[in-house]
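Novice: Let me begin by handing over the structure; questions about it come next.
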Amino acid sequence: MSYISAYFHCVFSTKERRPFITPELRDRLWPFLGGIARQNKMKAIEIGGVADHVHILISLPSTMPISKALQLIKGGSSKWIHENFPEHREFAWQEEYGAFSASVSQLDKIIEYVKGQEAHHRKVTFQEEFLALLQKHRIDYDERYLWK
C-alpha cells in the first residue's frame with residue numbers, strides 16, 4: 001500500500017467573475033461541493049467563498065490529478081445548479097483555476113483563511129487575492145492572459 005499526503009488549496013471563480021453565488025445558493029452549494037468530493041474519494045476539508053469565487057481545501061487520492069478533481073467538482077456543481085435553480089440558468093464557472101499545494105503544517109491557517117473570505121473581501125478584490133496567491137506560491141504568470 002502507498003501512503004500519500006496531497007492537499008491543495010483550490011480557487012476558482014464564476015465566469016467573468018459575475019456575482020452568481022447568492023447567500024441562498026451558497027448555503028446549498030458548499031455542502032454539494034463537499035458531496036461531489038466525497039463521491040469521488042476526495043476529502044473537502046473546508047469550502048468557502050463569496051459571490052464570485054470559491055476556495056476549497058481538498059485532499060486527493062493518489063490516483064487523482066488535480067485537473068480531474070476540479071473537472072468533477074466544477075462540472076458536477078454547474079450541472080446541479082442548472083437542474084435545481086432555474087433562476088441561475090446563466091451560471092457558469094470560469095475555465096481556469098488556481099491550485100496551490102498545501103503543507104500539513106499550514107492546514108489550520110488555510111482553513112481559517114477559507115472561513116474568513118467574507119471579511120477578507122471587504123478589503124481585497126478577487127484579482128488582488130489571486131495575484132498574491134500566485135506570487136506567494138512562486139508561480140510565473142502573464143497578467144495579459146490572467147483575466148480573460
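In the C-alpha cells, each chain is lettered A, B, ... as it comes, each chain's residues begin at 1, and ligands are numbered from 1 in order of appearance.
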Quick check for you: according to DSSP on this backbone, which residues of stretch 90-141 of chain A are classed as helix (DSSP H, G or I)? Reply as a list in words.
Specialist: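 Taking stretch 90-141 of chain A and keeping helix (DSSP H, G or I) only, one gets Val104, Ser105, Gln106, Leu107, Asp108, Lys109, Ile110, Ile111, Glu112, Tyr113, Val114, Lys115, Gln117, Glu118, Ala119, His120, Phe126, Gln127, Glu128, Glu129, Phe130, Leu131, Ala132, Leu133, Leu134, Gln135 and Lys136 of chain A.
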Novice: What would the file look like if the residues just selected were written as a PDB file, in the first residue's frame with C-alpha atoms?
Specialist:
ATOM      1  CA  VAL A 104       0.044  19.725   6.582  1.00  0.00           C
ATOM      2  CA  SER A 105       1.654  22.267   8.916  1.00  0.00           C
ATOM      3  CA  GLN A 106      -0.338  25.047   7.193  1.00  0.00           C
ATOM      4  CA  LEU A 107      -3.782  23.387   7.091  1.00  0.00           C
ATOM      5  CA  ASP A 108      -5.197  25.174  10.152  1.00  0.00           C
ATOM      6  CA  LYS A 109      -4.081  28.526   8.754  1.00  0.00           C
ATOM      7  CA  ILE A 110      -5.646  27.781   5.348  1.00  0.00           C
ATOM      8  CA  ILE A 111      -8.897  26.601   6.979  1.00  0.00           C
ATOM      9  CA  GLU A 112      -9.178  29.926   8.826  1.00  0.00           C
ATOM     10  CA  TYR A 113      -8.365  31.810   5.609  1.00  0.00           C
ATOM     11  CA  VAL A 114     -11.122  29.978   3.706  1.00  0.00           C
ATOM     12  CA  LYS A 115     -13.613  30.521   6.544  1.00  0.00           C
ATOM     13  CA  GLN A 117     -13.484  35.007   2.967  1.00  0.00           C
ATOM     14  CA  GLU A 118     -16.379  37.408   3.522  1.00  0.00           C
ATOM     15  CA  ALA A 119     -14.370  39.643   5.872  1.00  0.00           C
ATOM     16  CA  HIS A 120     -11.244  39.291   3.699  1.00  0.00           C
ATOM     17  CA  PHE A 126     -10.523  38.708  -6.064  1.00  0.00           C
ATOM     18  CA  GLN A 127      -7.875  39.858  -8.531  1.00  0.00           C
ATOM     19  CA  GLU A 128      -5.623  41.190  -5.748  1.00  0.00           C
ATOM     20  CA  GLU A 129      -6.084  37.993  -3.768  1.00  0.00           C
ATOM     21  CA  PHE A 130      -5.353  35.724  -6.745  1.00  0.00           C
ATOM     22  CA  LEU A 131      -2.220  37.647  -7.710  1.00  0.00           C
ATOM     23  CA  ALA A 132      -0.997  37.415  -4.106  1.00  0.00           C
ATOM     24  CA  LEU A 133      -1.553  33.629  -4.125  1.00  0.00           C
ATOM     25  CA  LEU A 134       0.355  33.250  -7.404  1.00  0.00           C
ATOM     26  CA  GLN A 135       3.239  35.313  -6.036  1.00  0.00           C
ATOM     27  CA  LYS A 136       3.270  33.524  -2.667  1.00  0.00           C
TER      28      LYS A 136
END
Novice: Would you compute the distance between atom CA of A:Thr22 and atom CA of A:Tyr97? Give it in Å to one decimal.
Specialist: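 Distance reported for this atom pair: 20.5 Å.
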Novice: With only C-alpha atoms as the basis for distance, which of A:His55, A:Arg18, A:His137, A:Lys43 is at the shortest distance from A:Gly116?
Specialist: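 Comparing A:His55, A:Arg18, A:His137, A:Lys43 against A:Gly116, the winner is A:His55.
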Novice: Could you pull out the strand (DSSP E or B) residues of stretch 1-134 of chain A, going by DSSP on the backbone, and write them as a list in words?
Specialist: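 Taking stretch 1-134 of chain A and keeping strand (DSSP E or B) only, one gets Tyr7, Phe8, His9, Cys10, Val11, Phe12, Ser13, Thr14, Lys43, Ala44, Ile45, Glu46, Ile47, Gly48, Gly49, Val50, His53, Val54, His55, Ile56, Leu57, Ile58, Ser59, Trp93, Gly98, Ala99, Phe100, Ser101 and Ala102 of chain A.
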Novice: How far is it from atom CA of A:Ala37 to atom CA of A:His121, in Å with one decimal?
Specialist: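 Atom-to-atom, atom CA of A:Ala37 to atom CA of A:His121, that is 25.6 Å.
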Novice: Using only C-alpha atoms, determine which residues lie at most 10 Å from A:Ser5, disregarding the query and same-chain residues fewer than 5 positions distant; provide the list as a PDB file with C-alpha atoms, in the first residue's frame.
Specialist:
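That gives us result-v1.pdb:
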ATOM      1  CA  SER A  59      -7.178  16.177  -0.065  1.00  0.00           C
ATOM      2  CA  LEU A  60      -6.821  13.982  -3.147  1.00  0.00           C
ATOM      3  CA  PRO A  61      -6.334  10.236  -3.509  1.00  0.00           C
ATOM      4  CA  SER A  62      -3.043   9.136  -5.064  1.00  0.00           C
ATOM      5  CA  ALA A 102      -0.649  22.859   0.939  1.00  0.00           C
ATOM      6  CA  SER A 103       1.621  21.600   3.677  1.00  0.00           C
ATOM      7  CA  VAL A 104       0.044  19.725   6.582  1.00  0.00           C
TER       8      VAL A 104
END
